[in-house]
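Enquirer: Pasting target-v5.txt here (compact mmCIF, C-alpha atoms):
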# COMPACT_ATOMS: atom_id res chain seq x y z
CA MET A 802 73.07 -7.34 120.54
CA SER A 803 72.19 -4.24 118.54
CA GLU A 804 73.04 -4.17 114.84
CA PRO A 805 76.11 -2.02 113.97
CA LEU A 806 75.23 1.40 112.55
CA LYS A 807 76.99 0.77 109.23
CA ASP A 808 75.12 -2.53 108.74
CA ARG A 809 71.80 -0.82 109.49
CA GLU A 810 72.64 1.84 106.91
CA LEU A 811 73.53 -0.74 104.25
CA ARG A 812 70.33 -2.67 104.95
CA ALA A 813 68.39 0.57 104.71
CA VAL A 814 69.89 1.15 101.27
CA GLU A 815 68.80 -2.32 100.14
CA THR A 816 65.23 -1.70 101.29
CA GLY A 817 65.11 1.77 99.75
CA ALA A 818 64.95 3.68 103.04
CA LEU A 819 68.25 5.36 102.27
CA LYS A 820 69.99 6.28 99.07
CA PRO A 821 73.57 5.08 98.50
CA LYS A 822 74.85 8.65 98.99
CA ASP A 823 73.49 8.57 102.53
CA VAL A 824 75.91 5.84 103.63
CA VAL A 825 78.99 7.42 105.20
CA THR A 826 82.20 5.44 104.74
CA HIS A 827 85.87 6.10 105.38
CA ARG A 828 86.43 6.35 101.62
CA ARG A 829 83.74 8.99 101.30
CA VAL A 830 85.29 11.07 104.08
CA LEU A 831 88.74 10.83 102.49
CA ASN A 832 87.37 11.66 99.04
CA ILE A 833 86.14 14.96 100.46
CA ALA A 834 89.08 15.72 102.75
CA VAL A 835 92.21 14.76 100.81
CA PRO A 836 91.73 17.19 97.88
CA VAL A 837 91.29 20.04 100.37
CA VAL A 838 94.48 19.08 102.24
CA ILE A 839 96.41 18.98 98.94
CA SER A 840 94.86 22.29 97.91
CA ASN A 841 95.93 23.91 101.18
CA ALA A 842 99.47 22.60 100.71
CA THR A 843 99.78 24.68 97.53
CA VAL A 844 98.92 27.98 99.24
CA PRO A 845 102.40 28.77 100.69
CA ILE A 846 104.00 28.09 97.28
CA LEU A 847 102.33 31.11 95.71
CA GLY A 848 103.50 33.43 98.47
CA ALA A 849 107.04 32.13 98.09
CA VAL A 850 106.99 32.76 94.33
CA ASP A 851 105.54 36.27 94.74
CA THR A 852 108.34 37.08 97.18
CA GLY A 853 110.98 35.36 95.08
CA VAL A 854 110.27 37.16 91.81
CA VAL A 855 110.25 40.65 93.34
CA GLY A 856 113.33 39.65 95.32
CA GLN A 857 115.16 39.40 92.00
CA MET A 858 114.76 43.17 91.61
CA GLY A 859 117.64 43.61 94.06
CA ALA A 860 115.87 45.92 96.54
CA ALA A 861 114.06 45.43 99.84
CA ALA A 862 111.15 47.83 99.22
CA PRO A 863 109.38 45.74 96.53
CA ILE A 864 109.43 42.67 98.79
CA GLY A 865 107.92 44.62 101.66
CA ALA A 866 105.35 46.26 99.38
CA VAL A 867 104.05 42.95 98.03
CA GLY A 868 103.95 41.49 101.54
CA ILE A 869 102.07 44.42 103.09
CA GLY A 870 99.76 44.80 100.10
CA ALA A 871 98.81 41.12 100.18
CA ILE A 872 98.19 41.23 103.95
CA ILE A 873 95.94 44.29 103.67
CA LEU A 874 93.85 42.79 100.88
CA SER A 875 93.67 39.43 102.68
CA ALA A 876 92.32 41.27 105.73
CA PHE A 877 89.66 42.99 103.62
CA TYR A 878 88.62 39.72 102.01
CA TRP A 879 88.85 37.71 105.25
CA PHE A 880 86.00 39.83 106.61
CA PHE A 881 83.72 38.08 104.10
CA GLY A 882 84.98 34.58 104.89
CA PHE A 883 81.60 33.87 106.50
CA LEU A 884 80.26 33.52 102.96
CA ARG A 885 82.02 30.18 102.43
CA MET A 886 80.93 28.70 105.75
CA GLY A 887 77.36 29.90 105.50
CA THR A 888 77.06 28.69 101.91
CA VAL A 889 78.31 25.21 102.83
CA GLY A 890 75.78 24.70 105.61
CA LEU A 891 72.75 26.01 103.74
CA THR A 892 73.61 24.26 100.46
CA ALA A 893 74.41 20.93 102.11
CA GLN A 894 71.08 20.99 103.93
CA ALA A 895 69.20 21.85 100.74
CA ALA A 896 70.99 18.99 98.99
CA GLY A 897 70.05 16.66 101.86
CA GLU A 898 66.42 17.69 101.41
CA ASN A 899 66.75 17.02 97.64
CA ASP A 900 65.67 20.63 97.07
CA GLU A 901 67.53 21.24 93.81
CA ALA A 902 65.78 24.55 93.27
CA GLU A 903 67.11 25.89 96.58
CA VAL A 904 70.60 24.55 95.85
CA ALA A 905 70.60 26.57 92.63
CA ALA A 906 69.15 29.67 94.28
CA LEU A 907 71.80 29.55 97.01
CA LEU A 908 74.54 29.81 94.42
CA THR A 909 72.90 32.92 93.00
CA ARG A 910 72.48 34.48 96.45
CA GLY A 911 76.09 33.74 97.32
CA LEU A 912 77.31 35.28 94.07
CA MET A 913 75.15 38.35 94.69
CA VAL A 914 76.72 38.83 98.11
CA GLY A 915 80.22 38.22 96.73
CA VAL A 916 79.90 40.65 93.83
CA GLY A 917 78.16 43.25 96.01
CA ALA A 918 80.85 42.99 98.69
CA GLY A 919 83.61 43.24 96.09
CA LEU A 920 82.08 46.37 94.56
CA ALA A 921 81.76 47.87 98.06
CA VAL A 922 85.47 47.25 98.70
CA ILE A 923 86.33 48.96 95.41
CA ALA A 924 84.04 51.93 96.16
CA LEU A 925 85.47 52.34 99.69
CA GLN A 926 89.11 51.74 98.79
CA VAL A 927 90.26 55.28 99.65
CA PRO A 928 89.15 55.27 103.31
CA LEU A 929 90.01 51.58 103.68
CA LEU A 930 93.56 52.09 102.44
CA TRP A 931 93.97 55.20 104.56
CA ALA A 932 92.99 53.24 107.67
CA ALA A 933 95.21 50.31 106.71
CA PHE A 934 98.30 52.43 106.15
CA GLN A 935 97.67 54.41 109.34
CA ALA A 936 98.21 51.15 111.19
CA SER A 937 101.17 50.13 109.02
CA PRO A 938 104.76 50.95 109.99
CA ALA A 939 105.89 50.92 106.33
CA SER A 940 108.32 53.48 104.95
CA ALA A 941 107.15 56.04 102.38
CA GLU A 942 108.77 54.04 99.55
CA VAL A 943 107.19 50.75 100.60
CA GLU A 944 103.80 52.41 101.10
CA ALA A 945 103.89 53.96 97.63
CA LEU A 946 104.70 50.62 96.00
CA ALA A 947 102.09 48.83 98.12
CA ARG A 948 99.45 51.34 97.00
CA ASP A 949 100.35 50.63 93.38
CA TYR A 950 99.97 46.92 94.08
CA ILE A 951 96.64 47.25 95.90
CA THR A 952 95.01 49.67 93.47
CA ILE A 953 95.50 47.08 90.70
CA ARG A 954 94.54 43.96 92.64
CA ILE A 955 91.51 45.53 94.31
CA TRP A 956 89.64 45.45 90.97
CA SER A 957 89.43 41.68 91.30
CA ALA A 958 87.67 41.95 94.68
CA PRO A 959 84.28 40.82 93.26
CA ALA A 960 85.94 37.68 91.87
CA ALA A 961 87.99 36.97 95.01
CA ILE A 962 85.03 37.29 97.38
CA SER A 963 82.64 35.44 95.06
CA LEU A 964 85.06 32.52 95.13
CA TYR A 965 84.12 32.03 98.81
CA ALA A 966 80.55 31.35 97.71
CA ILE A 967 81.61 29.15 94.78
CA THR A 968 83.96 26.98 96.86
CA GLY A 969 81.42 26.68 99.69
CA TRP A 970 78.75 25.61 97.19
CA LEU A 971 81.06 22.98 95.69
CA ILE A 972 82.22 21.65 99.08
CA ALA A 973 78.59 21.25 100.23
CA GLN A 974 78.09 18.80 97.36
CA GLU A 975 81.36 16.98 98.09
CA ARG A 976 82.99 18.33 94.92
CA THR A 977 86.31 19.03 96.58
CA ARG A 978 88.27 17.73 93.58
CA ALA A 979 86.85 20.69 91.66
CA VAL A 980 88.04 22.94 94.51
CA LEU A 981 91.52 21.40 94.20
CA VAL A 982 91.60 21.96 90.42
CA LEU A 983 90.41 25.53 90.98
CA GLN A 984 93.21 26.22 93.46
CA LEU A 985 95.84 24.61 91.24
CA TRP A 986 94.62 26.62 88.25
CA MET A 987 94.73 29.95 90.09
CA ASN A 988 98.15 29.29 91.62
CA GLY A 989 99.54 27.99 88.33
CA VAL A 990 98.30 30.97 86.32
CA ASN A 991 99.56 33.35 88.99
CA ILE A 992 103.03 31.79 89.12
CA LEU A 993 103.48 31.67 85.33
CA LEU A 994 102.35 35.27 84.93
CA ASP A 995 104.58 36.33 87.84
CA LEU A 996 107.59 34.92 86.03
CA TRP A 997 106.59 36.46 82.70
CA PHE A 998 105.52 39.91 83.90
CA VAL A 999 108.26 40.49 86.50
CA LEU A 1000 111.29 38.57 85.25
CA GLY A 1001 110.45 38.68 81.53
CA LEU A 1002 108.85 42.10 81.05
CA GLY A 1003 110.29 43.88 84.08
CA TRP A 1004 106.96 45.16 85.38
CA GLY A 1005 108.03 44.81 89.02
CA VAL A 1006 105.45 45.08 91.81
CA GLU A 1007 102.73 46.04 89.34
CA GLY A 1008 103.45 42.84 87.41
CA VAL A 1009 102.80 40.74 90.52
CA ALA A 1010 99.51 42.59 91.08
CA ILE A 1011 98.37 42.14 87.46
CA ALA A 1012 99.23 38.43 87.62
CA THR A 1013 97.05 37.97 90.71
CA PHE A 1014 94.26 40.09 89.19
CA ILE A 1015 94.13 37.82 86.14
CA ALA A 1016 94.42 34.65 88.25
CA GLU A 1017 91.49 35.64 90.48
CA TRP A 1018 89.16 36.57 87.61
CA SER A 1019 90.10 33.44 85.67
CA GLY A 1020 89.57 31.40 88.85
CA ALA A 1021 86.08 32.83 89.27
CA ALA A 1022 85.33 32.00 85.63
CA LEU A 1023 86.56 28.43 86.09
CA GLY A 1024 84.51 28.11 89.29
CA LEU A 1025 81.37 29.17 87.43
CA TRP A 1026 82.20 26.64 84.73
CA PHE A 1027 82.27 23.93 87.41
CA CYS A 1028 78.76 25.11 88.37
CA ARG A 1029 77.55 25.15 84.75
CA ALA A 1030 74.91 22.43 85.20
CA VAL A 1031 72.88 24.82 87.38
CA PHE A 1032 72.82 27.49 84.68
CA GLY A 1033 71.18 25.04 82.28
CA GLY A 1034 67.98 25.32 84.31
CA THR A 1035 65.87 28.25 85.48
CA ASP A 1036 65.97 27.89 89.28
CA TRP A 1037 69.15 29.97 89.62
CA ARG A 1038 67.31 32.98 88.14
CA ASN A 1039 63.86 32.38 89.60
CA ALA A 1040 63.31 35.80 91.18
CA GLY A 1041 60.58 34.59 93.52
CA ARG A 1042 62.88 32.02 95.09
CA VAL A 1043 66.20 33.86 94.84
CA PHE A 1044 64.77 36.97 96.53
CA ASP A 1045 62.60 35.09 99.01
CA ARG A 1046 62.58 37.27 102.12
CA LEU A 1047 62.61 34.50 104.73
CA ARG A 1048 65.52 32.73 103.06
CA TRP A 1049 67.51 35.96 102.90
CA VAL A 1050 66.77 36.64 106.59
CA ARG A 1051 68.02 33.17 107.51
CA MET A 1052 71.16 33.65 105.40
CA VAL A 1053 71.89 37.07 106.93
CA ARG A 1054 71.40 35.83 110.50
CA LEU A 1055 73.59 32.79 109.88
CA ASN A 1056 76.38 34.83 108.31
CA THR A 1057 76.19 37.52 111.01
CA ASP A 1058 76.63 34.92 113.74
CA ILE A 1059 79.58 33.38 111.88
CA LEU A 1060 81.14 36.82 111.38
CA ILE A 1061 80.90 37.63 115.11
CA ARG A 1062 82.39 34.24 115.95
CA SER A 1063 85.25 34.80 113.48
CA LEU A 1064 85.97 38.31 114.79
CA LEU A 1065 86.25 36.97 118.34
CA LEU A 1066 88.57 34.19 117.17
CA GLN A 1067 90.69 36.71 115.27
CA ALA A 1068 90.81 38.90 118.38
CA ILE A 1069 92.48 36.04 120.25
CA PHE A 1070 95.26 35.72 117.66
CA VAL A 1071 95.76 39.48 117.27
CA SER A 1072 95.93 40.01 121.02
CA PHE A 1073 98.37 37.09 121.27
CA LEU A 1074 100.72 38.84 118.83
CA PHE A 1075 100.35 42.24 120.50
CA LEU A 1076 100.98 40.83 123.98
CA GLY A 1077 104.01 38.96 122.66
CA ALA A 1078 105.33 42.19 121.12
CA ASP A 1079 105.40 43.75 124.58
CA MET A 1080 107.85 41.05 125.67
CA GLY A 1081 110.58 42.09 123.25
CA ASP A 1082 111.56 41.61 119.63
CA VAL A 1083 113.09 38.17 120.17
CA THR A 1084 109.99 36.79 121.88
CA LEU A 1085 107.76 38.34 119.21
CA ALA A 1086 109.83 36.72 116.46
CA ALA A 1087 109.83 33.37 118.24
CA ASN A 1088 106.06 33.46 118.67
CA GLN A 1089 105.63 34.34 115.00
CA VAL A 1090 107.73 31.33 113.99
CA LEU A 1091 105.81 29.01 116.29
CA LEU A 1092 102.45 30.25 115.00
CA GLN A 1093 103.39 28.70 111.66
CA PHE A 1094 102.98 25.30 113.35
CA LEU A 1095 99.43 26.32 114.17
CA MET A 1096 98.87 27.26 110.52
CA ILE A 1097 100.18 23.85 109.43
CA THR A 1098 97.73 22.22 111.82
CA SER A 1099 94.91 24.33 110.41
CA TYR A 1100 95.76 23.43 106.81
CA ALA A 1101 95.99 19.73 107.67
CA LEU A 1102 92.67 19.57 109.54
CA ASP A 1103 90.67 21.83 107.23
CA GLY A 1104 89.85 18.99 104.85
CA PHE A 1105 88.27 16.88 107.58
CA ALA A 1106 86.36 19.86 108.97
CA PHE A 1107 85.05 20.49 105.45
CA ALA A 1108 84.05 16.83 105.20
CA ALA A 1109 82.09 17.22 108.44
CA GLU A 1110 80.41 20.37 107.10
CA ALA A 1111 79.20 18.59 103.95
CA LEU A 1112 78.21 15.27 105.54
CA VAL A 1113 76.53 16.77 108.59
CA GLY A 1114 74.72 19.39 106.49
CA GLN A 1115 73.32 16.82 104.08
CA ALA A 1116 72.24 14.48 106.89
CA TYR A 1117 70.71 17.41 108.79
CA GLY A 1118 68.71 18.44 105.75
CA ALA A 1119 67.53 14.86 105.24
CA ARG A 1120 66.66 14.55 108.96
CA GLN A 1121 68.87 11.47 109.35
CA ARG A 1122 70.31 11.57 112.85
CA ALA A 1123 72.27 8.30 112.60
CA VAL A 1124 73.88 9.37 109.32
CA LEU A 1125 74.78 12.73 110.83
CA ARG A 1126 76.38 11.09 113.84
CA ARG A 1127 78.37 8.68 111.69
CA GLY A 1128 79.55 11.47 109.36
CA ALA A 1129 80.68 13.58 112.30
CA ALA A 1130 82.37 10.59 113.95
CA LEU A 1131 84.28 9.29 110.91
CA ALA A 1132 85.51 12.75 109.90
CA SER A 1133 86.64 13.33 113.49
CA VAL A 1134 88.42 9.94 113.67
CA TRP A 1135 90.51 10.80 110.61
CA ALA A 1136 91.19 14.26 111.96
CA GLY A 1137 92.37 12.64 115.19
CA VAL A 1138 94.73 10.33 113.31
CA VAL A 1139 96.21 13.30 111.43
CA SER A 1140 96.52 15.27 114.68
CA LEU A 1141 98.48 12.48 116.34
CA GLY A 1142 100.74 12.36 113.29
CA LEU A 1143 101.34 16.10 113.56
CA VAL A 1144 102.23 15.75 117.24
CA VAL A 1145 104.90 13.18 116.34
CA VAL A 1146 106.24 15.33 113.49
CA PHE A 1147 106.32 18.51 115.58
CA ALA A 1148 108.03 16.73 118.48
CA ALA A 1149 110.64 15.06 116.27
CA ALA A 1150 111.25 17.71 113.61
CA GLY A 1151 110.22 20.83 115.51
CA PRO A 1152 113.75 22.09 116.27
CA ALA A 1153 114.81 21.58 112.64
CA LEU A 1154 111.71 23.41 111.39
CA VAL A 1155 112.40 26.29 113.76
CA ASP A 1156 115.98 26.55 112.44
CA LEU A 1157 114.67 26.51 108.87
CA MET A 1158 112.26 29.38 109.51
CA ALA A 1159 114.53 31.51 111.67
CA LYS A 1160 118.25 32.07 111.17
CA ALA A 1161 118.93 34.30 114.17
CA PRO A 1162 120.43 32.13 116.97
CA GLU A 1163 118.62 34.03 119.71
CA VAL A 1164 115.24 33.54 117.99
CA GLN A 1165 115.97 29.83 117.48
CA ALA A 1166 116.83 29.43 121.16
CA GLU A 1167 113.73 31.33 122.29
CA ALA A 1168 111.43 29.36 120.00
CA ARG A 1169 112.75 26.05 121.32
CA VAL A 1170 111.78 27.10 124.85
CA TYR A 1171 108.11 27.35 123.83
CA LEU A 1172 108.09 24.54 121.27
CA PRO A 1173 106.31 22.08 123.63
CA TYR A 1174 103.21 24.27 123.54
CA VAL A 1175 102.83 23.97 119.76
CA VAL A 1176 103.47 20.22 119.96
CA LEU A 1177 100.23 20.10 121.97
CA VAL A 1178 98.29 22.31 119.54
CA PRO A 1179 97.07 19.44 117.28
CA LEU A 1180 95.80 17.51 120.31
CA VAL A 1181 93.86 20.38 121.88
CA GLY A 1182 92.89 21.88 118.52
CA VAL A 1183 91.27 18.89 116.82
CA ALA A 1184 88.05 19.10 118.86
CA PRO A 1185 87.26 22.78 118.18
CA PHE A 1186 88.25 22.42 114.51
CA MET A 1187 85.93 19.47 113.96
CA LEU A 1188 83.08 20.82 116.07
CA ASP A 1189 83.22 24.05 114.08
CA GLY A 1190 82.72 21.99 110.92
CA ILE A 1191 79.88 19.98 112.48
CA PHE A 1192 78.05 23.08 113.70
CA ILE A 1193 78.55 24.88 110.37
CA GLY A 1194 77.00 21.92 108.55
CA ALA A 1195 74.02 22.00 110.91
CA THR A 1196 73.85 25.83 110.59
CA ARG A 1197 73.85 26.08 114.39
CA SER A 1198 75.51 29.47 114.15
CA ARG A 1199 74.00 30.87 117.33
CA ASP A 1200 75.70 28.13 119.34
CA MET A 1201 78.98 28.85 117.54
CA ARG A 1202 78.69 32.57 118.31
CA ASN A 1203 77.73 32.12 121.96
CA MET A 1204 80.30 29.42 122.74
CA MET A 1205 83.01 31.49 121.02
CA ALA A 1206 82.06 34.47 123.18
CA LEU A 1207 82.28 32.28 126.28
CA SER A 1208 85.65 30.86 125.16
CA PHE A 1209 86.95 34.36 124.45
CA GLY A 1210 86.02 35.31 128.01
CA VAL A 1211 87.91 32.28 129.33
CA TYR A 1212 90.95 33.32 127.25
CA VAL A 1213 90.85 36.88 128.62
CA VAL A 1214 90.72 35.62 132.19
CA ALA A 1215 93.60 33.20 131.50
CA VAL A 1216 95.69 36.04 130.04
CA LEU A 1217 94.99 38.32 133.01
CA VAL A 1218 95.93 35.59 135.49
CA LEU A 1219 98.80 33.78 133.73
CA VAL A 1220 100.72 36.39 131.74
CA PRO A 1221 101.70 38.63 134.68
CA ALA A 1222 102.91 35.57 136.59
CA PHE A 1223 104.52 33.49 133.84
CA GLY A 1224 105.17 35.85 130.91
CA ASN A 1225 105.24 34.19 127.50
CA HIS A 1226 104.66 30.77 129.07
CA GLY A 1227 101.41 32.16 130.45
CA LEU A 1228 100.51 33.60 127.05
CA TRP A 1229 100.94 30.24 125.30
CA ALA A 1230 99.04 28.50 128.10
CA ALA A 1231 96.17 30.97 127.62
CA MET A 1232 96.13 30.18 123.89
CA LEU A 1233 95.89 26.42 124.58
CA ILE A 1234 93.20 27.04 127.20
CA SER A 1235 91.17 28.94 124.58
CA PHE A 1236 91.28 25.86 122.32
CA VAL A 1237 90.14 23.62 125.17
CA ALA A 1238 87.36 26.05 126.06
CA ARG A 1239 86.10 26.10 122.46
CA GLY A 1240 86.12 22.30 122.30
CA VAL A 1241 84.40 21.81 125.65
CA THR A 1242 81.71 24.46 125.18
CA LEU A 1243 80.76 23.31 121.68
CA GLY A 1244 80.95 19.68 122.79
CA LEU A 1245 78.40 20.38 125.51
CA ARG A 1246 76.06 21.79 122.86
CA TYR A 1247 76.40 18.78 120.54
CA PRO A 1248 73.55 16.73 122.10
CA ALA A 1249 71.18 19.64 121.44
CA LEU A 1250 72.35 19.67 117.82
CA GLU A 1251 71.46 16.00 117.44
CA ARG A 1252 68.09 16.50 119.10
CA SER A 1253 67.29 19.34 116.68
CA VAL A 1254 67.67 17.01 113.67
CA ALA A 1255 64.17 15.66 114.11
CA ALA A 1256 62.68 19.05 115.05
Take the structure in the file and write it out as structure tokens.
Expert:
Amino acid sequence: MSEPLKDRELRAVETGALKPKDVVTHRRVLNIAVPVVISNATVPILGAVDTGVVGQMGAAAPIGAVGIGAIILSAFYWFFGFLRMGTVGLTAQAAGENDEAEVAALLTRGLMVGVGAGLAVIALQVPLLWAAFQASPASAEVEALARDYITIRIWSAPAAISLYAITGWLIAQERTRAVLVLQLWMNGVNILLDLWFVLGLGWGVEGVAIATFIAEWSGAALGLWFCRAVFGGTDWRNAGRVFDRLRWVRMVRLNTDILIRSLLLQAIFVSFLFLGADMGDVTLAANQVLLQFLMITSYALDGFAFAAEALVGQAYGARQRAVLRRGAALASVWAGVVSLGLVVVFAAAGPALVDLMAKAPEVQAEARVYLPYVVLVPLVGVAPFMLDGIFIGATRSRDMRNMMALSFGVYVVAVLVLVPAFGNHGLWAAMLISFVARGVTLGLRYPALERSVAA
């Protein structure tokens, strides 16, 4: 009988073939994942406080302005979300290779991209805001207040985008507790300043913007402090390594593939909302409520996907196929357990959650009709979520891009076939089919990922 993988790993540690950090355990997976899950749980709190403090002003326009302004800026920053994913994969692999010089240089490259992108957003704010408000249905009063909000917050764009690189660099080294502290710090500072500037000083919408501006810059400073050990050496500023052409080409190609993949994924969700809007206001509202269940699923599974990114990346860099497989498997097992828990919660508490999020009786009734689809989301979503993490860690971005393109095509065909025949039922079925397609297509590419470990 063959020796269990974990026992072989432990024996390899005793003989010196592996270092203790190369043994993947359940505790190690949870140490990476749990802080991220807790961190994600704090995200909605900040939005609620932002809305709550401006709501005390007694008018609707400030609430709408903060909401629209935050959405516009989030869209600008989301475009650079590839920076976190790309940084995780490259840094984890460098760490697995014990290439400390490259780990340090990757932080510098990520910060260069983040600061450069932030400055570009600031420089292009006039045309960007014009385009954003052309697509916005906001009234003149809301638009004016939203512009005030954005023109303050946009000056923290270099900090906000650089934080993608900082968090990716920390996650790659399994320092997710630092990521949790960073998130708690930023949210805490933001909330306290919200209360002081808006309720105490009466600065209104501008007060909310200034609070976020300070929180983002202070968050970037704290993130750099967490990375302070690197700055004690010289590798982070070694021009020959930092500006190495081949490494920059690899980074650009990786991030371009991830960006294309993310744009296609976003196109699925945007088209879902637009197609739902054509079915009437009640259906649109119901779909919007039910999409919050998908966001909950995403927040809950993110930690385990991040664990897969770090563990797979390090094992890939060290060329340890068995360690990679075990890291991917254990992270996926815990993600599966959480997904089953979410299915039970959604099935049991779904109607109550719908009623909590929507007060209109017609929206509540409509949402309940389609609730079974979101009960299935954790089951069909766990595979693509985890495989995304695994492929990010292995920097197999071309596979991610190509399989996402194929899955997008499957989604389009499903929409064209099912929506005319079944309406919103067909739309939700197409969404679930897109999850299945992503899981199946990436799953079929996994054996090639393992084979490439030794290449």
Enquirer: Using Å and a single decimal, report how far atom CA of Ala1195 of chain A sits from atom CA of Ser1253 of chain A.
Expert: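 Separating atom CA of Ser1253 of chain A from atom CA of Ala1195 of chain A is a distance of 9.3 Å.
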Enquirer: Show me, as a PyMOL selection string, the residues that have an atom within 9 Å of segment 1171-1182 of chain A when counting all atoms listed in the file, minus same-chain residues fewer than 3 positions from it.
Expert: chain A and resi 1087-1088+1091-1092+1094-1095+1098-1099+1102+1137+1139-1148+1151-1152+1155+1167-1168+1185-1187+1225-1226+1229-1230+1233-1234+1236-1237+1239-1240
Enquirer: Do you know which residues are at most 12 Å from Val982 of chain A counting only C-alpha atoms, after dropping those on the same chain fewer than 6 positions away, and could you put them as a list of chain:residue names?
Expert: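 Here the answer would be A:Pro836, A:Val837, A:Ile839, A:Ser840, A:Asn841, A:Thr843, A:Thr968, A:Leu971, A:Arg976, A:Asn988, A:Gly989, A:Val990, A:Gly1020, A:Leu1023, A:Gly1024, A:Trp1026, A:Phe1027.
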Enquirer: Need the shell around Val1214 of chain A: protein/DNA/RNA residues with any atom at most 9 Å away, counting only C-alpha atoms. Skip same-chain ones fewer than 5 positions apart. Format as a list in words?
Expert: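 Counting only the stated atoms, we get Phe1209, Leu1219 and Ala1231 of chain A.
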Enquirer: Please provide as a list of chain:residue names all residues within 8 Å of Trp1018 of chain A, with the sequence filter that same-chain residues fewer than 6 positions apart are discarded (counting all atoms listed in the file).
Expert: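 Residues meeting the cut-off are A:Ser957, A:Ala960, A:Ala961.
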Enquirer: Could you save the residues just selected, with C-alpha atoms, as a PDB file, keeping the file's coordinate frame?
Expert:
ATOM      1  CA  SER A 957      89.430  41.680  91.300  1.00  0.00           C
ATOM      2  CA  ALA A 960      85.940  37.680  91.870  1.00  0.00           C
ATOM      3  CA  ALA A 961      87.990  36.970  95.010  1.00  0.00           C
TER       4      ALA A 961
END
Enquirer: Using all atoms listed in the file, give me every residue within 12 Å of (89.0, 46.1, 89.4) in file coordinates, as a ChimeraX atom specification.
Expert: /A:916,919-924,926,950-961,1010-1011,1013-1015,1017-1018
Enquirer: Could you write out the selected residues, including C-alpha atoms, as a PDB file, keeping the file's coordinate frame?
Expert:
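Ended up saving to again-v1.pdb:
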ATOM      1  CA  VAL A 916      79.900  40.650  93.830  1.00  0.00           C
ATOM      2  CA  GLY A 919      83.610  43.240  96.090  1.00  0.00           C
ATOM      3  CA  LEU A 920      82.080  46.370  94.560  1.00  0.00           C
ATOM      4  CA  ALA A 921      81.760  47.870  98.060  1.00  0.00           C
ATOM      5  CA  VAL A 922      85.470  47.250  98.700  1.00  0.00           C
ATOM      6  CA  ILE A 923      86.330  48.960  95.410  1.00  0.00           C
ATOM      7  CA  ALA A 924      84.040  51.930  96.160  1.00  0.00           C
ATOM      8  CA  GLN A 926      89.110  51.740  98.790  1.00  0.00           C
ATOM      9  CA  TYR A 950      99.970  46.920  94.080  1.00  0.00           C
ATOM     10  CA  ILE A 951      96.640  47.250  95.900  1.00  0.00           C
ATOM     11  CA  THR A 952      95.010  49.670  93.470  1.00  0.00           C
ATOM     12  CA  ILE A 953      95.500  47.080  90.700  1.00  0.00           C
ATOM     13  CA  ARG A 954      94.540  43.960  92.640  1.00  0.00           C
ATOM     14  CA  ILE A 955      91.510  45.530  94.310  1.00  0.00           C
ATOM     15  CA  TRP A 956      89.640  45.450  90.970  1.00  0.00           C
ATOM     16  CA  SER A 957      89.430  41.680  91.300  1.00  0.00           C
ATOM     17  CA  ALA A 958      87.670  41.950  94.680  1.00  0.00           C
ATOM     18  CA  PRO A 959      84.280  40.820  93.260  1.00  0.00           C
ATOM     19  CA  ALA A 960      85.940  37.680  91.870  1.00  0.00           C
ATOM     20  CA  ALA A 961      87.990  36.970  95.010  1.00  0.00           C
ATOM     21  CA  ALA A1010      99.510  42.590  91.080  1.00  0.00           C
ATOM     22  CA  ILE A1011      98.370  42.140  87.460  1.00  0.00           C
ATOM     23  CA  THR A1013      97.050  37.970  90.710  1.00  0.00           C
ATOM     24  CA  PHE A1014      94.260  40.090  89.190  1.00  0.00           C
ATOM     25  CA  ILE A1015      94.130  37.820  86.140  1.00  0.00           C
ATOM     26  CA  GLU A1017      91.490  35.640  90.480  1.00  0.00           C
ATOM     27  CA  TRP A1018      89.160  36.570  87.610  1.00  0.00           C
TER      28      TRP A1018
END
Enquirer: Identify which of the residues A:Arg1199, A:Gly1033, A:Gly1190, A:Tyr1212 lies closest to Leu1065 of chain A, counting all atoms listed in the file when measuring atom-to-atom distances.
Expert: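 Closest to Leu1065 of chain A, using all atoms listed in the file: A:Tyr1212.
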Enquirer: Closest to Asp1189 of chain A among A:Phe1107, A:Ala1255, A:Leu1112, A:Asn1203, using all atoms listed in the file?
Expert: A:Phe1107
Enquirer: Using all atoms listed in the file, what residues lie at most 8 Å away from (80.1, 34.5, 102.3) (file coordinates), given as a list in words?
Expert: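 The distance filter leaves exactly Phe881, Gly882, Phe883, Leu884, Arg885, Met886, Gly887, Thr888, Gly911, Val914, Gly915, Ile962, Ser963, Tyr965, Ala966 and Asn1056 of chain A.
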Enquirer: What gap, in Å, lies between atom CA of Ala1040 of chain A and atom CA of Gly917 of chain A?
Expert: 17.3 Å
Enquirer: One decimal, Å: what's the distance from atom CA of Val1164 of chain A over to atom CA of Phe1070 of chain A, could you say?
Expert: 20.1 Å
Enquirer: Considering only C-alpha atoms, state which residue in the set A:Ala1130, A:Ala979, A:Ala871, A:Ile992 is at the smallest distance from Ala1016 of chain A.
Expert: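 Smallest distance to Ala1016 of chain A is found for A:Ile992.
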Enquirer: Pick out the closest residue to Met1205 of chain A from this set: A:Val1071, A:Val838, A:Leu1228, A:Leu1188. Count only C-alpha atoms.
Expert: A:Leu1188
Enquirer: Taking into account all atoms listed in the file, which residue in the set A:Ala947, A:Ile1061, A:Ala842, A:Ala933 is nearest to Ala866 of chain A?
Expert: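 Of the candidates, the smallest distance to Ala866 of chain A is held by A:Ala947.
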